[in-house]
Amino acid sequence: MFALQNEITSQIAIALNLQLIGVEAARPAVRPDALDYILRARAALLKPPRPESYVETISLFERALELDPGSSEAQSMLSAVLVSRVIEGMTNSPEADIARAEELAEKALAISPGSFFPHFARALVSRTQGRCEDAIPEYETAIALNRNWANAIAALGMCKVFTGAIEEALPLLEQAIRLSPRDAYSALWYNWIGRVHLLQSHTDEALLWFERARRANPALLYVHSYLASVYALKGKTERATAEANEVRRLSTDGRYSSIARLVAAEYFGAPKVRALFETTYIAGLRKAGIPEE
């Protein structure tokens, strides 16, 4: 009963927070200050991740920092957004974005070490640099400081996959969905649940979650990549080819032009996890027609 009460309270808190952000962001401001731009950027973050929404959000946080260079909130949130668009493959400057994000996260932590978002931003940077063992304690700190932060809970689950603790990932991802079922980032969480099932060779379950992720946000290019792999593994050649063509169309850096480029561009975790990706996801992409070189 107490667990149920806590979960209901958390859902209400998240929903109320989202509504308040939207209301405050829409409030007219004759002379906008840094907080106005932060609220507008946070409202933009409620949109499903797409290249144009990332550009809008980054621009608003940059404007906030121009007005208040010492804002740890703007620094940490801008850091997280820069890294997120790298993870989603929606930037043409990944190295520069990661470098700027790392600098901003460290500045935010120095100013507000007791705030949850700087720890979340640092965790995202570590994860993007392939250091999930460093990211996990930062995610856990962020969750301890804000137990309703569904994004941190889901991100912790993703890092658990990379470190090989796959059995711990699903409960975290499912918890994030329960806490924020209409979250703008839910497509990412659906995709990761699909990845867990794929790594466990549960292709039917994986397909259901990948399809759900595509319906939630068809702009996520890697959703099409995983669909191509699963359809190929299930012998559905035409569907696999169509998804492979779509992911190549959406990709801005050409990583899906060959297996070699994809493996070089993406992080697949610890050796035993990389081996699982190789025998499932990568094997499916080969069957879908992605060339080796």
# chains A, B, ... in the order shown; residues from 1 in each chain; ligands from 1
$ closest_atom_pairs --of "region 152-236 of chain A" --to "region 272-290 of chain A" --cutoff "6 Å" --atoms "only C-alpha atoms" --output "JSON lines"
{"residue": "A:Gly164", "atom": "CA", "partner": "A:Val273", "partner_atom": "CA", "distance": 5.8}
{"residue": "A:Leu199", "atom": "CA", "partner": "A:Leu276", "partner_atom": "CA", "distance": 5.8}
{"residue": "A:Ser229", "atom": "CA", "partner": "A:Gly284", "partner_atom": "CA", "distance": 4.0}
{"residue": "A:Ala232", "atom": "CA", "partner": "A:Ala288", "partner_atom": "CA", "distance": 5.2}
{"residue": "A:Leu233", "atom": "CA", "partner": "A:Gly284", "partner_atom": "CA", "distance": 5.2}
$ residues_around --residues "region 99-111 of chain A" --least-positions-apart "5" --cutoff "10 Å" --atoms "only C-alpha atoms" --output "list in words"
Gly70, Ser71, Ser72, Glu73, Ala74, Gln75, Ser76, Met77, Leu78, Ser79, Ala80, Val81, Leu82, Val83, Ser84, Pro94, Phe116, Phe117, Pro118, His119, Phe120, Ala121, Arg122, Ala123, Leu124, Val125, Ser126 and Gln129 of chain A
$ residues_around --residues "region 248-251 of chain A" --least-positions-apart "6" --cutoff "10 Å" --atoms "only C-alpha atoms" --output "MDAnalysis selection string"
chainID A and resid 89:91 219:222 224:225 257:258 290
$ residues_around --residues "Ala206 (chain A)" --least-positions-apart "6" --cutoff "8 Å" --atoms "only C-alpha atoms" --output "PDB file with N, CA and C atoms, in the first residue's frame"
ATOM      1  N   ILE A 193      13.729  -0.956 -23.962  1.00  0.00           N
ATOM      2  CA  ILE A 193      13.099  -2.209 -23.553  1.00  0.00           C
ATOM      3  C   ILE A 193      13.187  -3.214 -24.701  1.00  0.00           C
ATOM      4  N   GLY A 194      12.979  -2.726 -25.928  1.00  0.00           N
ATOM      5  CA  GLY A 194      13.139  -3.585 -27.093  1.00  0.00           C
ATOM      6  C   GLY A 194      14.554  -4.119 -27.203  1.00  0.00           C
ATOM      7  N   ARG A 195      15.551  -3.272 -26.917  1.00  0.00           N
ATOM      8  CA  ARG A 195      16.946  -3.719 -26.990  1.00  0.00           C
ATOM      9  C   ARG A 195      17.223  -4.840 -25.976  1.00  0.00           C
ATOM     10  N   VAL A 196      16.688  -4.677 -24.776  1.00  0.00           N
ATOM     11  CA  VAL A 196      16.900  -5.717 -23.756  1.00  0.00           C
ATOM     12  C   VAL A 196      16.336  -7.045 -24.242  1.00  0.00           C
ATOM     13  N   HIS A 197      15.119  -7.011 -24.777  1.00  0.00           N
ATOM     14  CA  HIS A 197      14.507  -8.242 -25.283  1.00  0.00           C
ATOM     15  C   HIS A 197      15.315  -8.817 -26.452  1.00  0.00           C
ATOM     16  N   LEU A 198      15.830  -7.946 -27.315  1.00  0.00           N
ATOM     17  CA  LEU A 198      16.623  -8.423 -28.446  1.00  0.00           C
ATOM     18  C   LEU A 198      17.904  -9.098 -27.967  1.00  0.00           C
ATOM     19  N   VAL A 230      15.569  -6.612 -36.521  1.00  0.00           N
ATOM     20  CA  VAL A 230      14.618  -7.618 -36.042  1.00  0.00           C
ATOM     21  C   VAL A 230      13.815  -8.210 -37.199  1.00  0.00           C
TER      22      VAL A 230
END
$ atom_distance --atom1 "CA of Pro48 (chain A)" --atom2 "CA of Ala187 (chain A)"
8.2 Å
$ select_by_dssp --residues "region 168-232 of chain A" --states "alpha helix (DSSP H)" --output "ChimeraX atom specification"
/A:169-179,186-199,203-216,221-232
$ write_last_selection --atoms "N, CA and C atoms" --output "short mmCIF file (atom, residue, chain, number, x, y, z; two decimals), in the first residue's frame"
data_model
loop_
_atom_site.label_atom_id
_atom_site.label_comp_id
_atom_site.auth_asym_id
_atom_site.auth_seq_id
_atom_site.Cartn_x
_atom_site.Cartn_y
_atom_site.Cartn_z
N ALA A 169 17.91 -3.83 -15.78
CA ALA A 169 17.51 -2.70 -16.64
C ALA A 169 16.00 -2.60 -16.80
N LEU A 170 15.34 -3.71 -17.08
CA LEU A 170 13.90 -3.66 -17.36
C LEU A 170 13.08 -3.03 -16.22
N PRO A 171 13.29 -3.43 -14.95
CA PRO A 171 12.50 -2.80 -13.89
C PRO A 171 12.66 -1.29 -13.83
N LEU A 172 13.87 -0.79 -14.11
CA LEU A 172 14.10 0.66 -14.09
C LEU A 172 13.39 1.35 -15.24
N LEU A 173 13.49 0.78 -16.43
CA LEU A 173 12.82 1.37 -17.59
C LEU A 173 11.30 1.33 -17.42
N GLU A 174 10.78 0.23 -16.89
CA GLU A 174 9.34 0.12 -16.65
C GLU A 174 8.88 1.10 -15.58
N GLN A 175 9.72 1.32 -14.57
CA GLN A 175 9.38 2.29 -13.53
C GLN A 175 9.28 3.69 -14.12
N ALA A 176 10.23 4.05 -14.99
CA ALA A 176 10.19 5.37 -15.63
C ALA A 176 8.90 5.57 -16.42
N ILE A 177 8.49 4.53 -17.14
CA ILE A 177 7.25 4.62 -17.92
C ILE A 177 6.04 4.76 -17.02
N ARG A 178 6.02 4.03 -15.91
CA ARG A 178 4.89 4.16 -14.97
C ARG A 178 4.82 5.57 -14.38
N LEU A 179 5.98 6.12 -14.04
CA LEU A 179 6.02 7.44 -13.41
C LEU A 179 5.61 8.55 -14.39
N SER A 186 9.48 9.01 -23.92
CA SER A 186 9.05 7.62 -23.74
C SER A 186 9.46 6.73 -24.91
N ALA A 187 9.55 7.28 -26.12
CA ALA A 187 9.97 6.48 -27.27
C ALA A 187 11.37 5.90 -27.05
N LEU A 188 12.23 6.68 -26.41
CA LEU A 188 13.57 6.19 -26.11
C LEU A 188 13.50 5.00 -25.16
N TRP A 189 12.61 5.11 -24.17
CA TRP A 189 12.50 4.04 -23.18
C TRP A 189 11.92 2.78 -23.80
N TYR A 190 10.92 2.95 -24.68
CA TYR A 190 10.37 1.79 -25.39
C TYR A 190 11.47 1.10 -26.20
N ASN A 191 12.28 1.92 -26.87
CA ASN A 191 13.36 1.37 -27.68
C ASN A 191 14.33 0.56 -26.83
N TRP A 192 14.64 1.05 -25.65
CA TRP A 192 15.59 0.34 -24.81
C TRP A 192 15.00 -0.95 -24.25
N ILE A 193 13.73 -0.96 -23.96
CA ILE A 193 13.10 -2.21 -23.55
C ILE A 193 13.19 -3.21 -24.70
N GLY A 194 12.98 -2.73 -25.93
CA GLY A 194 13.14 -3.58 -27.09
C GLY A 194 14.55 -4.12 -27.20
N ARG A 195 15.55 -3.27 -26.92
CA ARG A 195 16.95 -3.72 -26.99
C ARG A 195 17.22 -4.84 -25.98
N VAL A 196 16.69 -4.68 -24.78
CA VAL A 196 16.90 -5.72 -23.76
C VAL A 196 16.34 -7.05 -24.24
N HIS A 197 15.12 -7.01 -24.78
CA HIS A 197 14.51 -8.24 -25.28
C HIS A 197 15.31 -8.82 -26.45
N LEU A 198 15.83 -7.95 -27.31
CA LEU A 198 16.62 -8.42 -28.45
C LEU A 198 17.90 -9.10 -27.97
N LEU A 199 18.58 -8.49 -27.00
CA LEU A 199 19.81 -9.08 -26.47
C LEU A 199 19.55 -10.43 -25.82
N THR A 203 12.88 -12.05 -29.89
CA THR A 203 12.64 -11.16 -31.03
C THR A 203 11.19 -10.70 -31.15
N ASP A 204 10.24 -11.54 -30.79
CA ASP A 204 8.83 -11.13 -30.88
C ASP A 204 8.54 -9.97 -29.93
N GLU A 205 9.02 -10.09 -28.68
CA GLU A 205 8.81 -9.02 -27.71
C GLU A 205 9.57 -7.76 -28.14
N ALA A 206 10.78 -7.95 -28.65
CA ALA A 206 11.58 -6.81 -29.10
C ALA A 206 10.85 -6.05 -30.21
N LEU A 207 10.29 -6.78 -31.14
CA LEU A 207 9.59 -6.14 -32.26
C LEU A 207 8.41 -5.30 -31.77
N LEU A 208 7.67 -5.81 -30.82
CA LEU A 208 6.53 -5.06 -30.28
C LEU A 208 6.97 -3.72 -29.71
N TRP A 209 8.08 -3.70 -28.97
CA TRP A 209 8.55 -2.47 -28.33
C TRP A 209 9.18 -1.52 -29.35
N PHE A 210 9.88 -2.06 -30.34
CA PHE A 210 10.45 -1.19 -31.37
C PHE A 210 9.35 -0.53 -32.19
N GLU A 211 8.29 -1.27 -32.50
CA GLU A 211 7.16 -0.69 -33.22
C GLU A 211 6.49 0.39 -32.38
N ARG A 212 6.38 0.13 -31.10
CA ARG A 212 5.78 1.12 -30.20
C ARG A 212 6.63 2.39 -30.17
N ALA A 213 7.96 2.21 -30.17
CA ALA A 213 8.87 3.36 -30.17
C ALA A 213 8.72 4.16 -31.46
N ARG A 214 8.59 3.48 -32.60
CA ARG A 214 8.43 4.18 -33.87
C ARG A 214 7.13 4.97 -33.90
N ARG A 215 6.07 4.39 -33.38
CA ARG A 215 4.79 5.14 -33.36
C ARG A 215 4.91 6.38 -32.49
N ALA A 216 5.66 6.27 -31.40
CA ALA A 216 5.80 7.40 -30.48
C ALA A 216 6.67 8.51 -31.06
N LEU A 221 16.23 7.86 -35.44
CA LEU A 221 16.77 7.05 -36.52
C LEU A 221 17.11 5.63 -36.09
N TYR A 222 17.64 5.45 -34.86
CA TYR A 222 18.06 4.10 -34.46
C TYR A 222 16.88 3.17 -34.24
N VAL A 223 15.68 3.72 -34.06
CA VAL A 223 14.50 2.85 -33.97
C VAL A 223 14.34 2.08 -35.28
N HIS A 224 14.55 2.78 -36.40
CA HIS A 224 14.45 2.13 -37.70
C HIS A 224 15.58 1.11 -37.88
N SER A 225 16.73 1.41 -37.31
CA SER A 225 17.85 0.48 -37.40
C SER A 225 17.54 -0.83 -36.68
N TYR A 226 16.98 -0.72 -35.48
CA TYR A 226 16.65 -1.93 -34.73
C TYR A 226 15.48 -2.68 -35.37
N LEU A 227 14.54 -1.94 -35.95
CA LEU A 227 13.46 -2.61 -36.68
C LEU A 227 14.00 -3.36 -37.88
N ALA A 228 14.95 -2.76 -38.60
CA ALA A 228 15.57 -3.45 -39.74
C ALA A 228 16.21 -4.75 -39.29
N SER A 229 16.91 -4.70 -38.16
CA SER A 229 17.59 -5.89 -37.65
C SER A 229 16.60 -6.99 -37.27
N VAL A 230 15.57 -6.61 -36.52
CA VAL A 230 14.62 -7.62 -36.04
C VAL A 230 13.81 -8.21 -37.20
N TYR A 231 13.37 -7.35 -38.12
CA TYR A 231 12.63 -7.87 -39.27
C TYR A 231 13.48 -8.85 -40.07
N ALA A 232 14.78 -8.54 -40.21
CA ALA A 232 15.67 -9.44 -40.94
C ALA A 232 15.84 -10.76 -40.20
#
$ atom_distance --atom1 "CA of Pro137 (chain A)" --atom2 "CA of Leu156 (chain A)"
9.0 Å
